[in-house]
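Listing of entry_39.txt; format and content: compact mmCIF, C-alpha atoms.
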# COMPACT_ATOMS: atom_id res chain seq x y z
CA MET U 248 0.00 0.00 0.00
CA THR U 249 2.75 2.36 0.98
CA GLU U 250 4.58 1.47 -2.21
CA LEU U 251 1.46 2.26 -4.22
CA LEU U 252 1.06 5.60 -2.50
CA LEU U 253 4.70 6.38 -3.09
CA ALA U 254 4.40 5.48 -6.77
CA ARG U 255 1.27 7.57 -7.14
CA ARG U 256 2.88 10.50 -5.44
CA ARG U 257 5.89 10.24 -7.70
CA ALA U 258 3.74 10.06 -10.78
CA ALA U 259 1.76 13.09 -9.63
CA VAL U 260 4.92 15.10 -8.99
CA PHE U 261 6.36 14.13 -12.34
CA LEU U 262 3.15 14.99 -14.12
CA GLY U 263 2.90 18.30 -12.34
CA LEU U 264 6.45 19.29 -13.20
CA PHE U 265 6.03 18.09 -16.76
CA LEU U 266 2.87 20.12 -17.25
CA PHE U 267 4.54 23.17 -15.79
CA ILE U 268 7.39 22.83 -18.25
CA VAL U 269 5.09 22.29 -21.22
CA VAL U 270 3.07 25.39 -20.32
CA LEU U 271 6.27 27.38 -19.89
CA LEU U 272 7.62 26.22 -23.22
CA THR U 273 4.36 27.06 -24.91
CA THR U 274 4.54 30.64 -23.62
CA GLN U 275 8.12 30.90 -24.88
CA PHE U 276 7.31 29.91 -28.43
CA ARG U 277 4.42 32.30 -28.64
CA THR U 278 6.83 35.25 -28.58
CA SER U 279 8.77 36.34 -31.64
CA ASP U 280 12.16 35.77 -29.91
CA GLN U 281 10.99 32.41 -28.51
CA ARG U 282 12.08 33.68 -25.11
CA ALA U 283 10.05 35.41 -22.39
CA ILE U 284 11.67 35.47 -18.97
CA GLY U 285 9.10 37.64 -17.18
CA PRO U 286 9.76 39.97 -14.25
CA LEU U 287 11.19 37.21 -12.03
CA GLY U 288 13.67 36.19 -14.69
CA THR U 289 14.61 39.81 -15.26
CA LEU U 290 15.18 40.26 -11.54
CA LEU U 291 17.36 37.17 -11.37
CA LEU U 292 19.39 38.21 -14.40
CA THR U 293 19.83 41.70 -12.97
CA ALA U 294 21.38 40.12 -9.90
CA LEU U 295 23.41 37.43 -11.67
CA LEU U 296 24.79 39.12 -14.78
CA PRO U 297 27.19 41.48 -12.92
CA VAL U 298 28.57 38.48 -11.06
CA GLU U 299 28.93 36.61 -14.35
CA ALA U 300 30.70 39.62 -15.87
CA GLY U 301 33.16 39.69 -12.98
CA MET U 302 33.85 35.98 -13.33
CA VAL U 303 34.39 36.42 -17.07
CA ARG U 304 36.99 39.13 -16.37
CA VAL U 305 38.79 36.75 -14.02
CA ALA U 306 38.74 34.04 -16.67
CA GLU U 307 40.13 36.44 -19.27
CA SER U 308 42.98 37.41 -16.94
CA VAL U 309 43.82 33.77 -16.36
CA GLU U 310 43.67 33.11 -20.11
CA SER U 311 45.98 36.04 -20.76
CA LEU U 312 48.47 34.79 -18.15
CA TRP U 313 48.33 31.31 -19.63
CA GLU U 314 48.96 32.66 -23.10
CA GLN U 315 51.96 34.61 -21.83
CA PHE U 316 53.23 31.49 -20.06
CA THR U 317 52.92 29.34 -23.18
CA GLU U 318 54.40 32.14 -25.25
CA ILE U 319 57.40 32.18 -22.92
CA GLY U 320 57.84 28.47 -23.46
CA ARG U 321 57.57 28.88 -27.22
CA LEU U 322 60.00 31.78 -27.15
CA ARG U 323 62.50 29.73 -25.13
CA VAL U 324 62.44 26.99 -27.74
CA GLU U 325 62.72 29.55 -30.52
CA ASN U 326 65.56 31.27 -28.64
CA ALA U 327 67.49 28.04 -28.27
CA ARG U 328 67.02 27.29 -31.96
CA LEU U 329 68.17 30.74 -32.97
CA ARG U 330 71.17 30.55 -30.62
CA ALA U 331 72.23 27.31 -32.23
CA GLN U 332 71.79 28.92 -35.63
CA VAL U 333 73.83 31.94 -34.52
CA ASP U 334 76.60 29.61 -33.32
CA VAL U 335 76.71 27.90 -36.69
CA LEU U 336 76.67 31.21 -38.55
CA SER U 337 79.33 32.67 -36.25
CA ARG U 338 81.60 29.72 -36.97
CA ASP U 339 80.97 30.09 -40.68
CA ALA U 340 81.64 33.83 -40.48
CA ALA U 341 84.86 33.25 -38.54
CA ALA U 342 86.01 30.71 -41.13
CA LEU U 343 85.18 33.12 -43.93
CA ARG U 344 87.03 35.96 -42.19
CA GLU U 345 90.05 33.70 -41.78
CA GLN U 346 89.93 32.81 -45.46
CA ALA U 347 89.59 36.46 -46.42
CA ALA U 348 92.55 37.45 -44.21
CA SER U 349 94.67 34.66 -45.64
CA ALA U 350 93.70 35.70 -49.17
CA GLY U 351 94.68 39.27 -48.33
CA ARG U 352 98.08 38.23 -47.04
CA LEU U 353 98.73 36.08 -50.09
CA GLU U 354 97.73 38.93 -52.37
CA ARG U 355 100.31 41.15 -50.68
CA LEU U 356 102.95 38.44 -51.06
CA LEU U 357 102.08 38.14 -54.71
CA ALA U 358 102.40 41.91 -55.14
CA LEU U 359 105.83 41.76 -53.46
CA THR U 360 107.06 39.02 -55.82
CA GLU U 361 106.07 41.21 -58.72
CA GLN U 362 108.08 44.13 -57.28
CA ILE U 363 111.36 42.38 -56.55
CA THR U 364 113.65 40.98 -59.19
CA TYR U 365 114.61 37.86 -57.26
CA ARG U 366 113.04 34.47 -57.74
CA SER U 367 111.00 33.59 -54.73
CA VAL U 368 108.78 30.99 -53.21
CA ALA U 369 105.97 31.59 -50.70
CA GLY U 370 105.90 29.44 -47.62
CA ARG U 371 103.68 28.90 -44.60
CA VAL U 372 104.98 29.01 -41.04
CA ILE U 373 104.45 25.58 -39.56
CA THR U 374 106.25 25.75 -36.22
CA ARG U 375 107.86 28.31 -33.94
CA ASP U 376 110.38 28.08 -31.20
CA PRO U 377 108.21 28.94 -28.22
CA SER U 378 110.98 29.14 -25.65
CA ARG U 379 112.93 32.24 -26.66
CA TRP U 380 110.72 35.06 -27.88
CA PHE U 381 109.96 33.46 -31.28
CA THR U 382 113.50 33.89 -32.65
CA THR U 383 113.37 30.90 -35.03
CA LEU U 384 110.59 29.38 -36.98
CA THR U 385 110.05 26.60 -39.51
CA VAL U 386 108.62 27.12 -42.98
CA ASN U 387 107.10 24.46 -45.24
CA ARG U 388 109.54 25.05 -48.11
CA GLY U 389 112.87 23.32 -48.45
CA GLY U 390 115.57 22.13 -50.81
CA ARG U 391 113.07 20.66 -53.23
CA ASP U 392 111.66 24.17 -53.72
CA GLY U 393 115.07 25.70 -54.36
CA VAL U 394 115.62 27.05 -50.86
CA ALA U 395 119.26 27.21 -49.77
CA ARG U 396 121.10 28.14 -46.61
CA ASN U 397 121.23 31.93 -46.02
CA SER U 398 118.25 32.54 -48.29
CA PRO U 399 116.63 35.85 -47.19
CA VAL U 400 113.11 35.61 -45.79
CA VAL U 401 110.79 38.61 -46.10
CA THR U 402 107.14 39.69 -45.92
CA PRO U 403 105.46 42.67 -47.61
CA ASP U 404 106.06 44.56 -44.34
CA GLY U 405 109.76 43.94 -44.13
CA VAL U 406 112.69 41.63 -43.44
CA VAL U 407 112.00 38.53 -41.36
CA GLY U 408 115.36 36.73 -41.24
CA ARG U 409 117.45 34.18 -43.10
CA VAL U 410 117.43 30.43 -43.61
CA ILE U 411 119.88 28.62 -41.39
CA GLU U 412 118.85 24.97 -41.93
CA VAL U 413 117.39 23.26 -44.97
CA THR U 414 115.69 19.91 -45.46
CA PRO U 415 114.08 18.76 -48.69
CA THR U 416 110.61 19.89 -47.53
CA ALA U 417 111.18 22.50 -44.80
CA SER U 418 113.55 25.20 -43.65
CA ARG U 419 114.45 26.79 -40.34
CA VAL U 420 114.58 30.58 -40.34
CA LEU U 421 116.62 32.67 -37.93
CA LEU U 422 114.67 35.83 -37.23
CA VAL U 423 116.32 39.26 -37.25
CA ALA U 424 115.30 39.60 -33.61
CA ASP U 425 117.55 36.71 -32.59
CA SER U 426 120.75 37.72 -30.78
CA ARG U 427 122.69 35.65 -33.30
CA SER U 428 121.41 37.79 -36.17
CA ALA U 429 123.26 40.81 -37.62
CA LEU U 430 122.73 42.63 -40.92
CA GLY U 431 124.14 45.73 -42.59
CA VAL U 432 121.68 48.57 -42.91
CA LEU U 433 121.27 52.14 -44.06
CA ILE U 434 119.10 54.90 -42.69
CA GLN U 435 116.79 55.42 -45.67
CA GLY U 436 116.85 59.20 -45.64
CA SER U 437 120.44 60.07 -44.71
CA ARG U 438 122.06 56.89 -46.15
CA ASP U 439 124.14 56.56 -42.99
CA ALA U 440 125.36 53.01 -42.54
CA GLY U 441 125.17 50.79 -39.47
CA VAL U 442 124.60 47.24 -38.29
CA VAL U 443 121.37 45.92 -36.81
CA GLU U 444 121.62 43.12 -34.28
CA GLY U 445 118.87 41.19 -32.65
CA ARG U 446 118.24 41.56 -28.91
CA GLY U 447 116.32 38.35 -28.44
CA SER U 448 113.51 40.42 -26.93
CA GLY U 449 111.65 41.34 -30.11
CA SER U 450 113.42 44.66 -30.71
CA LEU U 451 116.58 45.41 -32.76
CA HIS U 452 119.71 47.34 -31.85
CA LEU U 453 121.37 49.62 -34.40
CA LYS U 454 125.10 49.94 -33.79
CA TYR U 455 128.17 51.51 -35.34
CA LEU U 456 126.29 54.56 -36.46
CA SER U 457 128.52 57.58 -37.02
CA ARG U 458 128.11 60.32 -34.47
CA ALA U 459 127.60 62.71 -37.35
CA ALA U 460 124.75 60.65 -38.70
CA ALA U 461 121.42 62.47 -38.64
CA ALA U 462 119.47 59.64 -37.07
CA LYS U 463 116.23 60.45 -35.37
CA ARG U 464 113.11 58.74 -34.09
CA GLY U 465 110.85 57.57 -36.93
CA ASP U 466 113.60 57.10 -39.52
CA VAL U 467 113.18 53.99 -41.68
CA VAL U 468 116.07 51.53 -41.70
CA VAL U 469 116.67 49.41 -44.84
CA THR U 470 119.16 46.69 -45.79
CA SER U 471 122.41 47.98 -47.25
CA GLY U 472 123.14 44.94 -49.43
CA LEU U 473 126.57 44.60 -47.79
CA GLY U 474 127.30 41.10 -46.51
CA GLY U 475 125.93 39.40 -49.59
CA ILE U 476 122.86 37.87 -47.96
CA PHE U 477 120.07 40.44 -48.09
CA PRO U 478 119.44 42.47 -51.22
CA ARG U 479 119.67 46.21 -50.88
CA GLY U 480 116.67 48.33 -49.97
CA LEU U 481 114.49 45.87 -48.00
CA VAL U 482 112.78 47.55 -45.03
CA VAL U 483 114.11 46.35 -41.69
CA GLY U 484 112.29 48.63 -39.27
CA ARG U 485 111.82 52.09 -37.82
CA ILE U 486 114.02 53.89 -35.26
CA THR U 487 112.25 54.29 -31.91
CA SER U 488 115.05 55.98 -29.93
CA VAL U 489 118.62 57.26 -30.43
CA THR U 490 121.43 57.15 -27.86
CA ARG U 491 124.45 59.46 -28.06
CA GLU U 492 126.93 59.17 -25.19
CA GLU U 493 129.02 62.17 -24.29
CA GLY U 494 132.45 61.86 -25.83
CA ALA U 495 131.66 58.68 -27.81
CA LEU U 496 132.57 58.42 -31.47
CA LEU U 497 129.51 56.46 -32.42
CA GLN U 498 125.82 56.55 -31.66
CA GLU U 499 123.28 53.78 -31.28
CA ALA U 500 119.56 53.41 -31.74
CA GLU U 501 116.69 51.06 -31.01
CA VAL U 502 114.75 49.79 -34.02
CA GLU U 503 111.29 48.30 -34.05
CA PRO U 504 111.05 45.54 -36.69
CA ALA U 505 108.75 46.34 -39.59
CA ALA U 506 107.57 42.75 -39.96
CA ALA U 507 105.29 41.42 -37.22
CA LEU U 508 107.69 38.70 -36.12
CA ASP U 509 105.28 37.21 -33.55
CA ARG U 510 102.34 36.96 -35.97
CA LEU U 511 103.90 35.52 -39.10
CA GLU U 512 101.75 33.08 -41.08
CA GLU U 513 103.03 33.31 -44.68
CA VAL U 514 106.51 34.46 -45.77
CA LEU U 515 108.45 34.86 -48.99
CA ILE U 516 111.81 33.14 -49.35
CA LEU U 517 114.14 34.75 -51.88
CA LEU U 518 115.94 32.09 -53.90
CA PRO U 519 119.58 32.25 -55.04
CA ARG U 520 120.16 33.63 -58.51
CA ARG U 521 120.80 30.90 -61.05
CA MET R 206 13.82 26.26 3.82
CA SER R 207 17.52 26.18 4.45
CA ARG R 208 17.82 23.21 2.09
CA VAL R 209 16.12 25.25 -0.66
CA LEU R 210 18.48 28.17 -0.11
CA ILE R 211 21.56 25.95 0.01
CA TYR R 212 20.69 24.03 -3.14
CA GLY R 213 19.57 27.24 -4.82
CA GLY R 214 22.91 28.84 -4.05
CA LEU R 215 24.75 25.73 -5.20
CA LEU R 216 22.90 25.73 -8.50
CA VAL R 217 23.53 29.45 -9.04
CA VAL R 218 27.26 29.04 -8.39
CA ALA R 219 27.46 25.99 -10.67
CA GLY R 220 25.49 27.78 -13.39
CA LEU R 221 27.69 30.88 -13.26
CA VAL R 222 30.85 28.78 -13.28
CA GLN R 223 29.57 26.97 -16.35
CA VAL R 224 28.74 30.07 -18.41
CA ALA R 225 31.70 32.20 -17.25
CA TRP R 226 34.54 29.68 -17.06
CA LEU R 227 33.68 26.20 -18.30
CA ALA R 228 32.20 27.52 -21.55
CA ARG R 229 35.77 28.59 -22.52
CA VAL R 230 37.03 25.02 -22.51
CA GLU R 231 35.62 22.96 -25.36
CA ILE R 232 36.58 19.39 -26.15
CA SER R 233 35.16 18.15 -29.44
CA GLY R 234 32.46 20.78 -29.08
CA ALA R 235 31.43 19.56 -25.61
CA ILE R 236 31.41 21.78 -22.52
CA LEU R 237 31.38 20.42 -18.98
CA ASP R 238 27.92 20.74 -17.43
CA PRO R 239 28.10 20.56 -13.61
CA LEU R 240 24.35 21.14 -13.19
CA LEU R 241 23.42 17.73 -14.56
CA PRO R 242 25.60 15.68 -12.15
CA ILE R 243 24.12 17.75 -9.30
CA ALA R 244 20.56 16.83 -10.39
CA VAL R 245 21.58 13.18 -10.72
CA ALA R 246 23.24 13.19 -7.28
CA VAL R 247 20.18 14.73 -5.60
CA GLY R 248 17.96 12.21 -7.37
CA ILE R 249 20.07 9.26 -6.18
CA LEU R 250 20.35 10.55 -2.62
CA ARG R 251 16.92 12.08 -2.06
CA GLY R 252 14.61 10.35 -4.50
CA ALA R 253 12.82 11.03 -7.74
CA GLU R 254 10.73 14.01 -6.59
CA TYR R 255 13.68 15.95 -5.27
CA GLY R 256 15.80 14.93 -8.25
CA GLY R 257 13.11 16.15 -10.61
CA ALA R 258 12.67 19.44 -8.76
CA VAL R 259 16.41 20.17 -8.60
CA GLY R 260 16.76 19.14 -12.23
CA LEU R 261 13.95 21.52 -13.19
CA ALA R 262 15.52 24.39 -11.26
CA ALA R 263 18.98 23.66 -12.69
CA GLY R 264 17.61 23.49 -16.23
CA LEU R 265 15.63 26.70 -15.90
CA LEU R 266 18.69 28.51 -14.53
CA GLN R 267 20.73 27.20 -17.45
CA ASP R 268 18.06 28.46 -19.87
CA LEU R 269 17.97 31.85 -18.13
CA LEU R 270 21.75 32.34 -18.27
CA GLY R 271 22.09 30.74 -21.69
CA GLY R 272 19.70 32.94 -23.64
CA GLY R 273 17.51 30.21 -25.17
CA PRO R 274 13.78 29.52 -24.58
CA LEU R 275 12.99 28.91 -20.92
CA GLY R 276 12.10 25.30 -20.27
CA VAL R 277 14.18 23.41 -22.85
CA ASN R 278 16.95 22.44 -20.43
CA GLY R 279 14.43 22.57 -17.60
CA LEU R 280 12.52 19.71 -19.18
CA THR R 281 15.54 17.55 -19.94
CA LYS R 282 17.19 17.97 -16.56
CA MET R 283 13.90 17.45 -14.78
CA VAL R 284 13.47 14.11 -16.52
CA VAL R 285 17.07 13.06 -15.81
CA GLY R 286 16.87 14.10 -12.16
CA PHE R 287 13.59 12.24 -11.77
CA ALA R 288 14.96 9.14 -13.46
CA SER R 289 18.05 9.18 -11.22
CA GLY R 290 15.71 9.00 -8.23
CA LEU R 291 14.78 5.50 -9.26
CA PHE R 292 18.22 4.42 -7.93
CA GLU R 293 17.41 5.77 -4.45
CA ARG R 294 16.92 2.33 -3.01
CA SER R 295 19.48 0.65 -5.20
CA ILE R 296 21.88 -1.86 -3.67
CA TYR R 297 24.64 -0.12 -5.64
CA ILE R 298 24.18 3.25 -3.94
CA GLU R 299 27.52 3.02 -2.12
CA ASN R 300 29.34 2.08 -5.29
CA PRO R 301 31.41 5.07 -6.47
CA LEU R 302 30.77 4.09 -10.07
CA LEU R 303 27.02 4.60 -9.69
CA PRO R 304 27.08 8.42 -9.95
CA ALA R 305 29.48 8.24 -12.92
CA VAL R 306 27.42 5.67 -14.80
CA ALA R 307 24.13 7.37 -13.92
CA THR R 308 25.46 10.75 -15.06
CA PHE R 309 26.84 9.25 -18.27
CA ALA R 310 23.46 7.71 -19.04
CA GLY R 311 21.68 10.84 -17.83
CA THR R 312 23.70 12.99 -20.22
CA LEU R 313 22.83 10.75 -23.14
CA LEU R 314 19.16 10.87 -22.12
CA SER R 315 19.30 14.65 -21.73
CA GLU R 316 20.88 15.13 -25.15
CA PHE R 317 18.32 12.80 -26.71
CA LEU R 318 15.51 14.77 -25.13
CA LEU R 319 17.07 18.04 -26.29
CA LEU R 320 17.20 16.66 -29.80
CA ALA R 321 13.56 15.58 -29.57
CA VAL R 322 12.46 18.97 -28.23
CA GLY R 323 14.53 20.61 -30.92
CA GLN R 324 12.87 18.53 -33.61
CA VAL R 325 9.43 19.46 -32.27
CA THR R 326 10.25 23.15 -31.93
CA GLY R 327 12.60 23.44 -34.91
CA LEU R 328 15.67 24.43 -32.81
CA SER R 329 18.30 21.66 -32.90
CA GLY R 330 20.66 20.40 -35.62
CA SER R 331 21.72 17.00 -36.96
CA ALA R 332 21.81 14.01 -34.62
CA VAL R 333 24.66 12.39 -36.54
CA ALA R 334 26.76 15.51 -36.37
CA SER R 335 26.08 15.76 -32.64
CA ALA R 336 27.13 12.18 -31.79
CA PRO R 337 30.84 12.80 -31.06
CA ARG R 338 29.97 15.89 -29.03
CA VAL R 339 27.29 14.04 -27.07
CA LEU R 340 29.59 11.15 -26.23
CA THR R 341 32.35 13.52 -25.14
CA GLN R 342 29.84 15.45 -23.06
CA ALA R 343 28.68 12.24 -21.38
CA VAL R 344 32.24 11.19 -20.58
CA MET R 345 33.15 14.61 -19.17
CA ASN R 346 30.02 14.83 -17.01
CA GLY R 347 30.49 11.24 -15.86
CA ALA R 348 34.07 12.00 -14.82
CA LEU R 349 32.93 14.96 -12.73
CA ALA R 350 29.98 13.13 -11.13
CA PRO R 351 31.75 11.13 -8.36
CA MET R 352 33.31 14.28 -6.91
CA LEU R 353 30.03 16.20 -6.94
CA PHE R 354 28.18 13.20 -5.55
CA ARG R 355 30.53 13.07 -2.57
CA GLY R 356 30.01 16.76 -2.02
CA ILE R 357 26.22 16.53 -2.18
CA LYS R 358 26.25 13.49 0.07
CA GLY R 359 28.35 15.35 2.63
CA LEU R 360 25.95 18.28 2.41
CA GLU R 361 22.95 16.01 3.01
CA VAL R 362 24.65 14.44 6.00
CA ARG R 363 25.33 17.88 7.48
CA LEU R 364 21.79 19.04 6.80
CA ALA R 365 20.42 15.90 8.40
CA ARG R 366 22.51 16.56 11.53
CA THR R 367 21.36 20.16 11.88
CA ARG R 368 17.66 19.29 11.60
Represent the supplied structure as structure tokens.
Amino acid sequence: MTELLLARRRAAVFLGLFLFIVVLLTTQFRTSDQRAIGPLGTLLLTALLPVEAGMVRVAESVESLWEQFTEIGRLRVENARLRAQVDVLSRDAAALREQAASAGRLERLLALTEQITYRSVAGRVITRDPSRWFTTLTVNRGGRDGVARNSPVVTPDGVVGRVIEVTPTASRVLLVADSRSALGVLIQGSRDAGVVEGRGSGSLHLKYLSRAAAAKRGDVVVTSGLGGIFPRGLVVGRITSVTREEGALLQEAEVEPAAALDRLEEVLILLPRR
Amino acid sequence: MSRVLIYGGLLVVAGLVQVAWLARVEISGAILDPLLPIAVAVGILRGAEYGGAVGLAAGLLQDLLGGGPLGVNGLTKMVVGFASGLFERSIYIENPLLPAVATFAGTLLSEFLLLAVGQVTGLSGSAVASAPRVLTQAVMNGALAPMLFRGIKGLEVRLARTR
């Protein structure tokens, strides 16, 4: 009995609610917009819409933050990719700069060979003596290329040294800065003669200069051709200071080498005349 | 009276959350509908009459906030809430899967009823085109149902204690 009453009650409730909904729907579809919320609905919306608007603003802020967050992640990936690309391009650029610099040096060597009357062969520095201020170095040209002992070695900037040892494929060069090196020179302007010796420290010492010689700072010093090794007129360096002692017959000077002896990469070896 | 106010407030909050926040997250065209699992939970816990009444209120609120004709969602959720009440004396009431399965089935029933009402009134679109959306909707609502069911159950327990 109770079950029957319960079932009847349920059916009545369902029917009542269903009828209510059907009536409501009927009123909706009678209007042109198919929507009629009445004064109660208007009151509810008036209360709820501002709250909804506030919640929408919160959602938009969260969306914006999320977009920025994901954008940061995307930008990090893009940044890493671009960094890798920059690394590759930097390496390529460095290689190209190196090639351009090498081409420039070789062009200058070529121009020098066209200026001098000697036969010559270009060589690349392959080793240096690291222990004593770069005073000897090894070049990748030797007897097979016509190089002989005492062959002068030059660059477009100036005198480098002379060959002291020869093998079929390489040669050892004694730099002008070595203390064992000495060559006859002239001051280019005044034609006063002297001898330049190496100091072993990178600079050169000009000796046996006449006291009457008009040597001054900045004067260019060139080979004199005396001694039979270096041709005449090759630039050795530039005077940086002059020393005249009271009562001395001679004066001396310090000379800075014209060739960059610590940064040599390609050199020109002058070959003996046939 | 307090039960009416509490459930009314709960429905208002759920409805606002749906239109303001959940409507921004679409999966295959489906949007999470927290009002339906609430109607199902009340139906299971309190019986068909209460389930139907809460379903009606939830549906009407959804229609009011949504901008469509009043009564479309009211009808469908009323029917689902009422039908859920048939499980009130079920031996499976303590099973956590019950709310999920009931909500899944309730969503399918609701969407079917919406389609039927739409066909009668000339509002809805193609049933075939809606199938993936409906299934996704049912899965999403079913996934949310156990959590809401626990919440509603806790609320009922608290209300029963304060009586």
Using all atoms listed in the file, select each residue of chain R with any atom at most 8 Å away from an atom of chain U, and give the selection as an MDAnalysis selection string. chainID R and resid 221:222 224:226 253:254 257:258 261 269:270 272:277 279:280 283 287
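The closest residue to Leu508 in chain U, picked from U:Val400, U:Val333, U:Ile411, U:Leu262 and counting only C-alpha atoms, is U:Val400.
With all atoms listed in the file as the basis for measurement, R:Ser289 is the residue among R:Ser289, R:Thr367, R:Ser335, R:Thr326 that approaches Val247 in chain R most closely.
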Starting from the point (125.1, 52.5, -37.3), work out which residues of protein, DNA or RNA have an atom no more than 12 Å away when counting all atoms listed in the file; state them as a VMD selection string. chain U and resid 429 to 434 437 to 444 451 to 462 468 to 471 486 489 to 491 496 to 502
Please provide the set of residues having any atom within 12 Å of Phe292 in chain R, restricted to all atoms listed in the file, with same-chain residues fewer than 5 positions apart removed, written as a ChimeraX atom specification. /R:245-253,256,285-287,297-300,303-304,306-308
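Picture a line from CA of Ala235 in chain R to CA of Lys358 in chain R; it runs 26.9 Å.
When the distance limit is 9 Å and only C-alpha atoms are what count, the residues near Arg208 in chain R, minus those fewer than 5 positions from it on the same chain, are Gly213, Glu361 and Leu364 of chain R.
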Correct to one decimal, the distance CA of Leu265 in chain R-CA of Ala219 in chain R is 13.0 Å
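With all atoms listed in the file as the basis for measurement, R:Leu266 is the residue among R:Ala310, R:Leu266, R:Ala348, R:Leu353 that approaches Val217 in chain R most closely.
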Go ahead and compute the interatomic distance for CA of Gly264 in chain R and CA of Ala254 in chain U, in Å to one decimal. 24.3 Å
May I ask which of the residues U:Leu473, U:Leu511, U:Ala395, U:Val309 is the closest one to Val368 in chain U, counting only C-alpha atoms? U:Ala395
